[in-house]
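Coordinates from model_34.pdb are shown below (PDB, C-alpha atoms, pLDDT in the B column).
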```pdb
ATOM      1  CA  MET A   1      -4.181 -49.961 -13.037  1.00 82.00           C
ATOM      2  CA  VAL A   2      -1.327 -47.409 -12.814  1.00 84.00           C
ATOM      3  CA  LYS A   3      -2.879 -45.358 -15.641  1.00 88.00           C
ATOM      4  CA  LYS A   4      -6.212 -45.270 -13.837  1.00 88.00           C
ATOM      5  CA  ILE A   5      -4.597 -44.083 -10.582  1.00 90.00           C
ATOM      6  CA  LEU A   6      -2.591 -41.475 -12.516  1.00 89.00           C
ATOM      7  CA  LYS A   7      -5.772 -40.183 -14.208  1.00 90.00           C
ATOM      8  CA  ILE A   8      -7.516 -39.892 -10.821  1.00 89.00           C
ATOM      9  CA  VAL A   9      -4.558 -38.047  -9.317  1.00 91.00           C
ATOM     10  CA  VAL A  10      -4.378 -35.623 -12.261  1.00 91.00           C
ATOM     11  CA  LEU A  11      -8.141 -35.036 -12.095  1.00 91.00           C
ATOM     12  CA  LEU A  12      -7.992 -34.378  -8.330  1.00 91.00           C
ATOM     13  CA  LEU A  13      -5.071 -31.960  -8.785  1.00 91.00           C
ATOM     14  CA  ALA A  14      -6.960 -30.127 -11.534  1.00 90.00           C
ATOM     15  CA  LEU A  15     -10.066 -29.858  -9.357  1.00 90.00           C
ATOM     16  CA  ALA A  16      -7.978 -28.639  -6.414  1.00 88.00           C
ATOM     17  CA  PHE A  17      -6.366 -25.994  -8.655  1.00 90.00           C
ATOM     18  CA  VAL A  18      -9.776 -24.771  -9.780  1.00 87.00           C
ATOM     19  CA  ALA A  19     -11.103 -24.785  -6.215  1.00 88.00           C
ATOM     20  CA  ILE A  20      -8.256 -22.681  -4.820  1.00 86.00           C
ATOM     21  CA  GLN A  21      -9.005 -19.950  -7.363  1.00 91.00           C
ATOM     22  CA  PHE A  22     -12.001 -19.035  -5.196  1.00 88.00           C
ATOM     23  CA  ILE A  23      -9.732 -18.185  -2.244  1.00 85.00           C
ATOM     24  CA  ARG A  24      -8.705 -14.678  -3.254  1.00 86.00           C
ATOM     25  CA  PRO A  25      -6.602 -12.229  -1.267  1.00 86.00           C
ATOM     26  CA  ASP A  26      -7.568  -8.573  -1.107  1.00 86.00           C
ATOM     27  CA  ARG A  27      -5.973  -6.622  -3.956  1.00 84.00           C
ATOM     28  CA  THR A  28      -7.203  -3.150  -3.177  1.00 88.00           C
ATOM     29  CA  ASN A  29      -4.711  -0.425  -2.435  1.00 91.00           C
ATOM     30  CA  PRO A  30      -5.372   1.578   0.730  1.00 93.00           C
ATOM     31  CA  PRO A  31      -6.146   5.224  -0.018  1.00 94.00           C
ATOM     32  CA  GLU A  32      -3.148   7.482  -0.248  1.00 93.00           C
ATOM     33  CA  VAL A  33      -3.149  10.827   1.549  1.00 94.00           C
ATOM     34  CA  PRO A  34      -0.821  13.131  -0.430  1.00 94.00           C
ATOM     35  CA  GLU A  35       0.455  14.897   2.714  1.00 96.00           C
ATOM     36  CA  GLN A  36       1.628  11.574   4.185  1.00 96.00           C
ATOM     37  CA  THR A  37       3.745  10.422   1.229  1.00 95.00           C
ATOM     38  CA  ILE A  38       7.512  10.540   1.109  1.00 95.00           C
ATOM     39  CA  GLU A  39       7.299  13.002  -1.768  1.00 94.00           C
ATOM     40  CA  ALA A  40       5.428  15.495   0.442  1.00 93.00           C
ATOM     41  CA  SER A  41       8.291  16.092   2.858  1.00 90.00           C
ATOM     42  CA  SER A  42      11.479  14.695   1.386  1.00 92.00           C
ATOM     43  CA  GLN A  43      13.784  16.210  -1.150  1.00 91.00           C
ATOM     44  CA  ILE A  44      14.008  13.414  -3.708  1.00 94.00           C
ATOM     45  CA  PRO A  45      16.037  14.049  -6.857  1.00 94.00           C
ATOM     46  CA  GLY A  46      14.232  13.053 -10.046  1.00 93.00           C
ATOM     47  CA  ASP A  47      16.503  10.106 -10.831  1.00 95.00           C
ATOM     48  CA  VAL A  48      16.146   8.693  -7.296  1.00 96.00           C
ATOM     49  CA  GLY A  49      12.382   9.186  -7.414  1.00 95.00           C
ATOM     50  CA  ALA A  50      12.274   7.240 -10.671  1.00 96.00           C
ATOM     51  CA  ILE A  51      14.286   4.394  -9.105  1.00 96.00           C
ATOM     52  CA  LEU A  52      12.028   4.286  -6.037  1.00 96.00           C
ATOM     53  CA  SER A  53       8.958   4.259  -8.240  1.00 94.00           C
ATOM     54  CA  ARG A  54      10.300   1.562 -10.573  1.00 94.00           C
ATOM     55  CA  SER A  55      11.959  -0.713  -8.035  1.00 95.00           C
ATOM     56  CA  CYS A  56      10.264  -0.156  -4.670  1.00 93.00           C
ATOM     57  CA  ALA A  57       6.740   1.247  -4.954  1.00 93.00           C
ATOM     58  CA  ASP A  58       4.920  -1.964  -5.889  1.00 91.00           C
ATOM     59  CA  CYS A  59       5.601  -3.505  -2.475  1.00 93.00           C
ATOM     60  CA  HIS A  60       6.497  -0.486  -0.358  1.00 96.00           C
ATOM     61  CA  SER A  61       3.636   1.924  -1.067  1.00 96.00           C
ATOM     62  CA  ASN A  62      -0.113   2.032  -1.489  1.00 96.00           C
ATOM     63  CA  ARG A  63       0.423   2.303  -5.257  1.00 94.00           C
ATOM     64  CA  THR A  64       0.762  -1.390  -6.029  1.00 93.00           C
ATOM     65  CA  ASN A  65       0.263  -2.268  -9.665  1.00 89.00           C
ATOM     66  CA  TYR A  66      -1.201  -5.780  -9.675  1.00 89.00           C
ATOM     67  CA  PRO A  67      -0.103  -7.782 -12.740  1.00 86.00           C
ATOM     68  CA  TRP A  68      -2.267 -10.378 -14.500  1.00 87.00           C
ATOM     69  CA  TYR A  69      -0.730 -13.293 -12.609  1.00 86.00           C
ATOM     70  CA  SER A  70      -1.869 -11.808  -9.306  1.00 86.00           C
ATOM     71  CA  ASN A  71      -5.249 -13.349 -10.159  1.00 90.00           C
ATOM     72  CA  ILE A  72      -3.939 -16.920 -10.102  1.00 91.00           C
ATOM     73  CA  ALA A  73      -3.653 -18.864  -6.847  1.00 93.00           C
ATOM     74  CA  PRO A  74      -1.316 -19.801  -5.240  1.00 92.00           C
ATOM     75  CA  VAL A  75       0.835 -17.026  -6.786  1.00 88.00           C
ATOM     76  CA  SER A  76      -1.756 -14.457  -5.683  1.00 89.00           C
ATOM     77  CA  TRP A  77      -1.310 -15.564  -2.078  1.00 90.00           C
ATOM     78  CA  MET A  78       2.472 -15.216  -2.263  1.00 88.00           C
ATOM     79  CA  LEU A  79       2.169 -11.734  -3.795  1.00 88.00           C
ATOM     80  CA  ALA A  80      -0.323 -10.627  -1.162  1.00 91.00           C
ATOM     81  CA  ASP A  81       2.088 -11.766   1.567  1.00 90.00           C
ATOM     82  CA  HIS A  82       5.046  -9.968  -0.049  1.00 89.00           C
ATOM     83  CA  ILE A  83       3.061  -6.755  -0.413  1.00 93.00           C
ATOM     84  CA  ARG A  84       1.679  -6.911   3.133  1.00 94.00           C
ATOM     85  CA  ASP A  85       5.152  -7.581   4.558  1.00 94.00           C
ATOM     86  CA  GLY A  86       6.718  -4.877   2.367  1.00 94.00           C
ATOM     87  CA  ARG A  87       4.208  -2.252   3.439  1.00 95.00           C
ATOM     88  CA  GLN A  88       4.575  -3.255   7.069  1.00 95.00           C
ATOM     89  CA  GLU A  89       8.360  -2.890   6.912  1.00 95.00           C
ATOM     90  CA  LEU A  90       8.388   0.372   4.915  1.00 96.00           C
ATOM     91  CA  ASN A  91       5.478   2.223   3.369  1.00 97.00           C
ATOM     92  CA  LEU A  92       6.431   5.254   1.312  1.00 96.00           C
ATOM     93  CA  SER A  93       2.762   6.272   1.191  1.00 97.00           C
ATOM     94  CA  ILE A  94       2.622   6.861   4.952  1.00 96.00           C
ATOM     95  CA  TRP A  95       6.175   8.189   5.359  1.00 96.00           C
ATOM     96  CA  ASN A  96       5.056  11.332   7.191  1.00 94.00           C
ATOM     97  CA  THR A  97       3.378   9.289   9.905  1.00 96.00           C
ATOM     98  CA  TYR A  98       6.873   8.165  10.961  1.00 95.00           C
ATOM     99  CA  ASP A  99       8.798  10.323  13.431  1.00 93.00           C
ATOM    100  CA  ASN A 100      12.217  11.651  12.360  1.00 94.00           C
ATOM    101  CA  ARG A 101      14.094   8.994  14.317  1.00 93.00           C
ATOM    102  CA  ARG A 102      12.180   6.206  12.590  1.00 95.00           C
ATOM    103  CA  LYS A 103      12.650   7.912   9.213  1.00 96.00           C
ATOM    104  CA  GLY A 104      16.403   7.958   9.851  1.00 95.00           C
ATOM    105  CA  ARG A 105      16.413   4.229  10.636  1.00 96.00           C
ATOM    106  CA  LYS A 106      14.334   3.502   7.527  1.00 97.00           C
ATOM    107  CA  LEU A 107      16.651   5.579   5.350  1.00 97.00           C
ATOM    108  CA  SER A 108      19.653   3.621   6.676  1.00 97.00           C
ATOM    109  CA  ALA A 109      17.823   0.360   6.036  1.00 96.00           C
ATOM    110  CA  ILE A 110      16.993   1.414   2.472  1.00 97.00           C
ATOM    111  CA  CYS A 111      20.674   1.996   1.756  1.00 97.00           C
ATOM    112  CA  ASP A 112      21.727  -1.265   3.420  1.00 96.00           C
ATOM    113  CA  GLU A 113      19.130  -3.303   1.511  1.00 95.00           C
ATOM    114  CA  VAL A 114      20.048  -1.963  -1.926  1.00 95.00           C
ATOM    115  CA  GLU A 115      23.801  -2.085  -1.268  1.00 94.00           C
ATOM    116  CA  THR A 116      23.663  -5.748  -0.289  1.00 94.00           C
ATOM    117  CA  GLY A 117      21.318  -6.618  -3.175  1.00 92.00           C
ATOM    118  CA  GLU A 118      18.587  -7.815  -0.841  1.00 92.00           C
ATOM    119  CA  MET A 119      16.172  -5.356  -2.416  1.00 92.00           C
ATOM    120  CA  PRO A 120      14.431  -5.521  -4.754  1.00 92.00           C
ATOM    121  CA  LEU A 121      13.694  -9.130  -3.862  1.00 89.00           C
ATOM    122  CA  PRO A 122      15.265 -11.597  -6.283  1.00 90.00           C
ATOM    123  CA  SER A 123      11.887 -13.349  -6.638  1.00 87.00           C
ATOM    124  CA  TYR A 124      10.333 -10.019  -7.701  1.00 87.00           C
ATOM    125  CA  LEU A 125      13.024  -9.567 -10.323  1.00 88.00           C
ATOM    126  CA  TRP A 126      12.211 -12.895 -11.999  1.00 88.00           C
ATOM    127  CA  ILE A 127       9.311 -11.214 -13.750  1.00 85.00           C
ATOM    128  CA  HIS A 128       9.988  -7.505 -13.167  1.00 87.00           C
ATOM    129  CA  ARG A 129      13.405  -7.315 -14.778  1.00 90.00           C
ATOM    130  CA  ASP A 130      13.089  -3.550 -15.225  1.00 91.00           C
ATOM    131  CA  ALA A 131      13.036  -3.169 -11.424  1.00 92.00           C
ATOM    132  CA  ALA A 132      16.603  -4.439 -11.122  1.00 93.00           C
ATOM    133  CA  LEU A 133      18.998  -1.731 -10.005  1.00 95.00           C
ATOM    134  CA  LYS A 134      21.397  -0.704 -12.726  1.00 94.00           C
ATOM    135  CA  GLN A 135      25.066   0.083 -12.231  1.00 94.00           C
ATOM    136  CA  GLY A 136      25.434   3.000  -9.828  1.00 95.00           C
ATOM    137  CA  GLU A 137      21.765   3.214  -8.803  1.00 96.00           C
ATOM    138  CA  ALA A 138      22.351   1.728  -5.348  1.00 96.00           C
ATOM    139  CA  ALA A 139      25.031   4.372  -4.794  1.00 96.00           C
ATOM    140  CA  LYS A 140      22.599   7.119  -5.876  1.00 97.00           C
ATOM    141  CA  ILE A 141      20.003   5.847  -3.443  1.00 97.00           C
ATOM    142  CA  CYS A 142      22.566   5.724  -0.637  1.00 97.00           C
ATOM    143  CA  GLU A 143      23.784   9.245  -1.400  1.00 97.00           C
ATOM    144  CA  TRP A 144      20.194  10.450  -1.223  1.00 97.00           C
ATOM    145  CA  THR A 145      19.438   8.564   2.017  1.00 97.00           C
ATOM    146  CA  GLU A 146      22.519  10.091   3.667  1.00 97.00           C
ATOM    147  CA  ALA A 147      21.580  13.591   2.500  1.00 96.00           C
ATOM    148  CA  GLU A 148      17.995  13.089   3.654  1.00 95.00           C
ATOM    149  CA  LYS A 149      19.128  11.819   7.075  1.00 95.00           C
ATOM    150  CA  ALA A 150      21.358  14.889   7.462  1.00 93.00           C
ATOM    151  CA  ARG A 151      18.449  17.135   6.472  1.00 92.00           C
ATOM    152  CA  LEU A 152      16.208  15.434   9.056  1.00 89.00           C
ATOM    153  CA  GLU A 153      18.807  15.915  11.791  1.00 87.00           C
ATOM    154  CA  THR A 154      18.893  19.673  11.189  1.00 84.00           C
ATOM    155  CA  LYS A 155      15.123  19.930  11.670  1.00 69.00           C
TER     156      LYS A 155
END
```

Take the structure from the file and write it as structure tokens.
Amino acid sequence: MVKKILKIVVLLLALAFVAIQFIRPDRTNPPEVPEQTIEASSQIPGDVGAILSRSCADCHSNRTNYPWYSNIAPVSWMLADHIRDGRQELNLSIWNTYDNRRKGRKLSAICDEVETGEMPLPSYLWIHRDAALKQGEAAKICEWTEAEKARLETK
């Protein structure tokens, strides 16, 4: 009797797993307008640009690279939420739509997040180990954010 109930439960779970695959989040990247990107107006040193691209752009720009597992629910739902939340908090692809005051706040937040290790998200680093900040990279980002804030204040 227990084996029969276990078989039914496993079968129902398998059917539920297959069924949820049909509930798919949108995985299209919004179009990117080159004049609105952070690269269009900020002075980003090459090494900092590489760090931002490697460790931030997947969730904080319209240049998300969707990996194979983004096709499998419920992981796809979690990724879609992370990307939506990341873009809502900071989107490097629409940087020039922010006013200078907001840019300054975002630059401070970038430094704070990398200094405290809150970004990149630990859950993102489980699979994207190359996105982890290496020794001294948080300091480089913070040096750049401070220089960029000072540059914005002189405008």

- Message: Applying 12 Å and all atoms listed in the file, which residues near Val48 (chain A) remain after dropping the ones on its own chain fewer than 3 positions away? List them as a list in words.
- Response: Glu39, Ser42, Gln43, Ile44, Pro45, Ile51, Leu52, Ser53, Arg54, Ser55, Cys56, Leu133, Gly136, Glu137, Ala138, Ala139, Lys140, Ile141, Cys142, Glu143, Trp144, Thr145 and Glu148 of chain A

- Task: Pick out the residues sitting within 9 Å of Val33 (chain A), and hand them over as a list in words; count all atoms listed in the file, and ignore anything fewer than 3 positions along from it in its own chain.
- Result: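 Returned residues: Gln36, Thr37, Ser93 and Ile94 of chain A.
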
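With distances taken from (-0.6, -16.7, -6.4) and restricted to all atoms listed in the file, the residues inside 12 Å are Phe17, Ile20, Gln21, Phe22, Ile23, Arg24, Pro25, Asp26, Arg27, Tyr66, Pro67, Trp68, Tyr69, Ser70, Asn71, Ile72, Ala73, Pro74, Val75, Ser76, Trp77, Met78, Leu79, Ala80, Asp81 and His82 of chain A.
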
Since we have the selection now, will you write its residues out, keeping C-alpha atoms, as a PDB file, in the frame of the given file?
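Result file selection.pdb:
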```pdb
ATOM      1  CA  PHE A  17      -6.366 -25.994  -8.655  1.00 90.00           C
ATOM      2  CA  ILE A  20      -8.256 -22.681  -4.820  1.00 86.00           C
ATOM      3  CA  GLN A  21      -9.005 -19.950  -7.363  1.00 91.00           C
ATOM      4  CA  PHE A  22     -12.001 -19.035  -5.196  1.00 88.00           C
ATOM      5  CA  ILE A  23      -9.732 -18.185  -2.244  1.00 85.00           C
ATOM      6  CA  ARG A  24      -8.705 -14.678  -3.254  1.00 86.00           C
ATOM      7  CA  PRO A  25      -6.602 -12.229  -1.267  1.00 86.00           C
ATOM      8  CA  ASP A  26      -7.568  -8.573  -1.107  1.00 86.00           C
ATOM      9  CA  ARG A  27      -5.973  -6.622  -3.956  1.00 84.00           C
ATOM     10  CA  TYR A  66      -1.201  -5.780  -9.675  1.00 89.00           C
ATOM     11  CA  PRO A  67      -0.103  -7.782 -12.740  1.00 86.00           C
ATOM     12  CA  TRP A  68      -2.267 -10.378 -14.500  1.00 87.00           C
ATOM     13  CA  TYR A  69      -0.730 -13.293 -12.609  1.00 86.00           C
ATOM     14  CA  SER A  70      -1.869 -11.808  -9.306  1.00 86.00           C
ATOM     15  CA  ASN A  71      -5.249 -13.349 -10.159  1.00 90.00           C
ATOM     16  CA  ILE A  72      -3.939 -16.920 -10.102  1.00 91.00           C
ATOM     17  CA  ALA A  73      -3.653 -18.864  -6.847  1.00 93.00           C
ATOM     18  CA  PRO A  74      -1.316 -19.801  -5.240  1.00 92.00           C
ATOM     19  CA  VAL A  75       0.835 -17.026  -6.786  1.00 88.00           C
ATOM     20  CA  SER A  76      -1.756 -14.457  -5.683  1.00 89.00           C
ATOM     21  CA  TRP A  77      -1.310 -15.564  -2.078  1.00 90.00           C
ATOM     22  CA  MET A  78       2.472 -15.216  -2.263  1.00 88.00           C
ATOM     23  CA  LEU A  79       2.169 -11.734  -3.795  1.00 88.00           C
ATOM     24  CA  ALA A  80      -0.323 -10.627  -1.162  1.00 91.00           C
ATOM     25  CA  ASP A  81       2.088 -11.766   1.567  1.00 90.00           C
ATOM     26  CA  HIS A  82       5.046  -9.968  -0.049  1.00 89.00           C
TER      27      HIS A  82
END
```

- Task: Might you spell out which residues the PyMOL selection byres ((chain A and resi 121) around 10) would select in the displayed file, as a PyMOL selection string?
- Result: chain A and resi 55-56+59+82+113-114+117-120+122-126+131-132

- Message: Just the number, please: distance in Å from CA of Asp130 (chain A) to CA of Asp112 (chain A), one decimal.
- Response: 20.7 Å

- Item | Residue among A:Asp85, A:Lys4, A:Asn29, A:Glu153 lying closest to Gly104 (chain A), counting only C-alpha atoms |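 When distances to Gly104 (chain A) are compared using only C-alpha atoms, the smallest one comes from A:Glu153.
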
- Which of A:Ile83, A:Leu92, A:Ala150, A:Ala40 sits closest to Ser61 (chain A) [using only C-alpha atoms]: A:Leu92

- Query: How far is it from CA of Thr97 (chain A) to CA of Asp58 (chain A), in Å with one decimal?
  - Reply: 19.5 Å

- Proximity to Arg63 (chain A) - best of A:Pro30, A:Val9, A:Ala14, A:Glu35, all atoms listed in the file: A:Pro30

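Of note, CA of Ser108 (chain A) and CA of Lys149 (chain A) are spaced 8.2 Å apart.
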
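Among the candidates A:Lys103, A:Lys134, A:Lys7, A:Arg129, the residue lying nearest to Ile38 (chain A) is A:Lys103 (atoms considered: all atoms listed in the file).
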
Could you write region 25-52 of chain A of the block just shown to a file containing N, CA and C atoms, as a PDB file, in the first residue's frame?
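Contents of the output file result24.pdb:
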```pdb
ATOM      1  N   PRO A  25       8.533  32.665 -18.195  1.00  0.00           N
ATOM      2  CA  PRO A  25       8.700  34.130 -18.098  1.00  0.00           C
ATOM      3  C   PRO A  25       9.310  34.677 -19.389  1.00  0.00           C
ATOM      4  N   ASP A  26       9.130  35.959 -19.598  1.00  0.00           N
ATOM      5  CA  ASP A  26       9.707  36.630 -20.756  1.00  0.00           C
ATOM      6  C   ASP A  26      11.220  36.678 -20.600  1.00  0.00           C
ATOM      7  N   ARG A  27      11.941  36.293 -21.645  1.00  0.00           N
ATOM      8  CA  ARG A  27      13.402  36.304 -21.595  1.00  0.00           C
ATOM      9  C   ARG A  27      13.998  37.225 -22.651  1.00  0.00           C
ATOM     10  N   THR A  28      13.225  38.144 -23.135  1.00  0.00           N
ATOM     11  CA  THR A  28      13.769  39.057 -24.138  1.00  0.00           C
ATOM     12  C   THR A  28      14.377  40.277 -23.443  1.00  0.00           C
ATOM     13  N   ASN A  29      15.485  40.715 -23.969  1.00  0.00           N
ATOM     14  CA  ASN A  29      16.121  41.916 -23.445  1.00  0.00           C
ATOM     15  C   ASN A  29      15.487  43.136 -24.098  1.00  0.00           C
ATOM     16  N   PRO A  30      15.149  44.157 -23.302  1.00  0.00           N
ATOM     17  CA  PRO A  30      14.653  45.393 -23.918  1.00  0.00           C
ATOM     18  C   PRO A  30      15.731  45.963 -24.839  1.00  0.00           C
ATOM     19  N   PRO A  31      15.334  46.702 -25.853  1.00  0.00           N
ATOM     20  CA  PRO A  31      16.345  47.290 -26.743  1.00  0.00           C
ATOM     21  C   PRO A  31      17.231  48.269 -25.975  1.00  0.00           C
ATOM     22  N   GLU A  32      18.450  48.342 -26.409  1.00  0.00           N
ATOM     23  CA  GLU A  32      19.405  49.239 -25.754  1.00  0.00           C
ATOM     24  C   GLU A  32      19.697  50.407 -26.694  1.00  0.00           C
ATOM     25  N   VAL A  33      19.526  51.611 -26.175  1.00  0.00           N
ATOM     26  CA  VAL A  33      19.835  52.824 -26.930  1.00  0.00           C
ATOM     27  C   VAL A  33      21.249  53.243 -26.528  1.00  0.00           C
ATOM     28  N   PRO A  34      22.204  53.207 -27.454  1.00  0.00           N
ATOM     29  CA  PRO A  34      23.602  53.476 -27.094  1.00  0.00           C
ATOM     30  C   PRO A  34      23.822  54.779 -26.325  1.00  0.00           C
ATOM     31  N   GLU A  35      23.061  55.822 -26.637  1.00  0.00           N
ATOM     32  CA  GLU A  35      23.238  57.113 -25.966  1.00  0.00           C
ATOM     33  C   GLU A  35      22.776  57.088 -24.509  1.00  0.00           C
ATOM     34  N   GLN A  36      21.996  56.081 -24.123  1.00  0.00           N
ATOM     35  CA  GLN A  36      21.488  56.013 -22.755  1.00  0.00           C
ATOM     36  C   GLN A  36      22.358  55.157 -21.836  1.00  0.00           C
ATOM     37  N   THR A  37      23.323  54.447 -22.371  1.00  0.00           N
ATOM     38  CA  THR A  37      24.127  53.532 -21.556  1.00  0.00           C
ATOM     39  C   THR A  37      25.132  54.273 -20.690  1.00  0.00           C
ATOM     40  N   ILE A  38      25.600  53.600 -19.681  1.00  0.00           N
ATOM     41  CA  ILE A  38      26.595  54.195 -18.785  1.00  0.00           C
ATOM     42  C   ILE A  38      27.888  54.497 -19.532  1.00  0.00           C
ATOM     43  N   GLU A  39      28.195  53.682 -20.519  1.00  0.00           N
ATOM     44  CA  GLU A  39      29.424  53.889 -21.292  1.00  0.00           C
ATOM     45  C   GLU A  39      29.380  55.186 -22.110  1.00  0.00           C
ATOM     46  N   ALA A  40      28.177  55.646 -22.446  1.00  0.00           N
ATOM     47  CA  ALA A  40      28.035  56.835 -23.290  1.00  0.00           C
ATOM     48  C   ALA A  40      28.431  58.120 -22.578  1.00  0.00           C
ATOM     49  N   SER A  41      28.301  58.159 -21.255  1.00  0.00           N
ATOM     50  CA  SER A  41      28.570  59.428 -20.574  1.00  0.00           C
ATOM     51  C   SER A  41      29.566  59.341 -19.427  1.00  0.00           C
ATOM     52  N   SER A  42      29.920  58.142 -19.039  1.00  0.00           N
ATOM     53  CA  SER A  42      30.823  57.992 -17.903  1.00  0.00           C
ATOM     54  C   SER A  42      32.227  57.656 -18.381  1.00  0.00           C
ATOM     55  N   GLN A  43      33.168  58.031 -17.563  1.00  0.00           N
ATOM     56  CA  GLN A  43      34.559  57.702 -17.854  1.00  0.00           C
ATOM     57  C   GLN A  43      34.907  56.437 -17.061  1.00  0.00           C
ATOM     58  N   ILE A  44      34.801  55.305 -17.737  1.00  0.00           N
ATOM     59  CA  ILE A  44      35.004  54.014 -17.073  1.00  0.00           C
ATOM     60  C   ILE A  44      36.333  53.429 -17.531  1.00  0.00           C
ATOM     61  N   PRO A  45      37.281  53.271 -16.603  1.00  0.00           N
ATOM     62  CA  PRO A  45      38.543  52.636 -16.975  1.00  0.00           C
ATOM     63  C   PRO A  45      38.285  51.208 -17.473  1.00  0.00           C
ATOM     64  N   GLY A  46      39.145  50.732 -18.341  1.00  0.00           N
ATOM     65  CA  GLY A  46      38.966  49.414 -18.939  1.00  0.00           C
ATOM     66  C   GLY A  46      38.788  48.288 -17.936  1.00  0.00           C
ATOM     67  N   ASP A  47      39.602  48.296 -16.867  1.00  0.00           N
ATOM     68  CA  ASP A  47      39.494  47.207 -15.888  1.00  0.00           C
ATOM     69  C   ASP A  47      38.165  47.263 -15.137  1.00  0.00           C
ATOM     70  N   VAL A  48      37.679  48.458 -14.838  1.00  0.00           N
ATOM     71  CA  VAL A  48      36.387  48.603 -14.151  1.00  0.00           C
ATOM     72  C   VAL A  48      35.248  48.209 -15.094  1.00  0.00           C
ATOM     73  N   GLY A  49      35.354  48.596 -16.349  1.00  0.00           N
ATOM     74  CA  GLY A  49      34.355  48.203 -17.335  1.00  0.00           C
ATOM     75  C   GLY A  49      34.259  46.689 -17.464  1.00  0.00           C
ATOM     76  N   ALA A  50      35.410  46.031 -17.428  1.00  0.00           N
ATOM     77  CA  ALA A  50      35.430  44.568 -17.513  1.00  0.00           C
ATOM     78  C   ALA A  50      34.758  43.946 -16.290  1.00  0.00           C
ATOM     79  N   ILE A  51      34.994  44.519 -15.115  1.00  0.00           N
ATOM     80  CA  ILE A  51      34.364  44.015 -13.886  1.00  0.00           C
ATOM     81  C   ILE A  51      32.852  44.209 -13.964  1.00  0.00           C
ATOM     82  N   LEU A  52      32.413  45.395 -14.363  1.00  0.00           N
ATOM     83  CA  LEU A  52      30.979  45.666 -14.472  1.00  0.00           C
ATOM     84  C   LEU A  52      30.325  44.710 -15.467  1.00  0.00           C
TER      85      LEU A  52
END
```
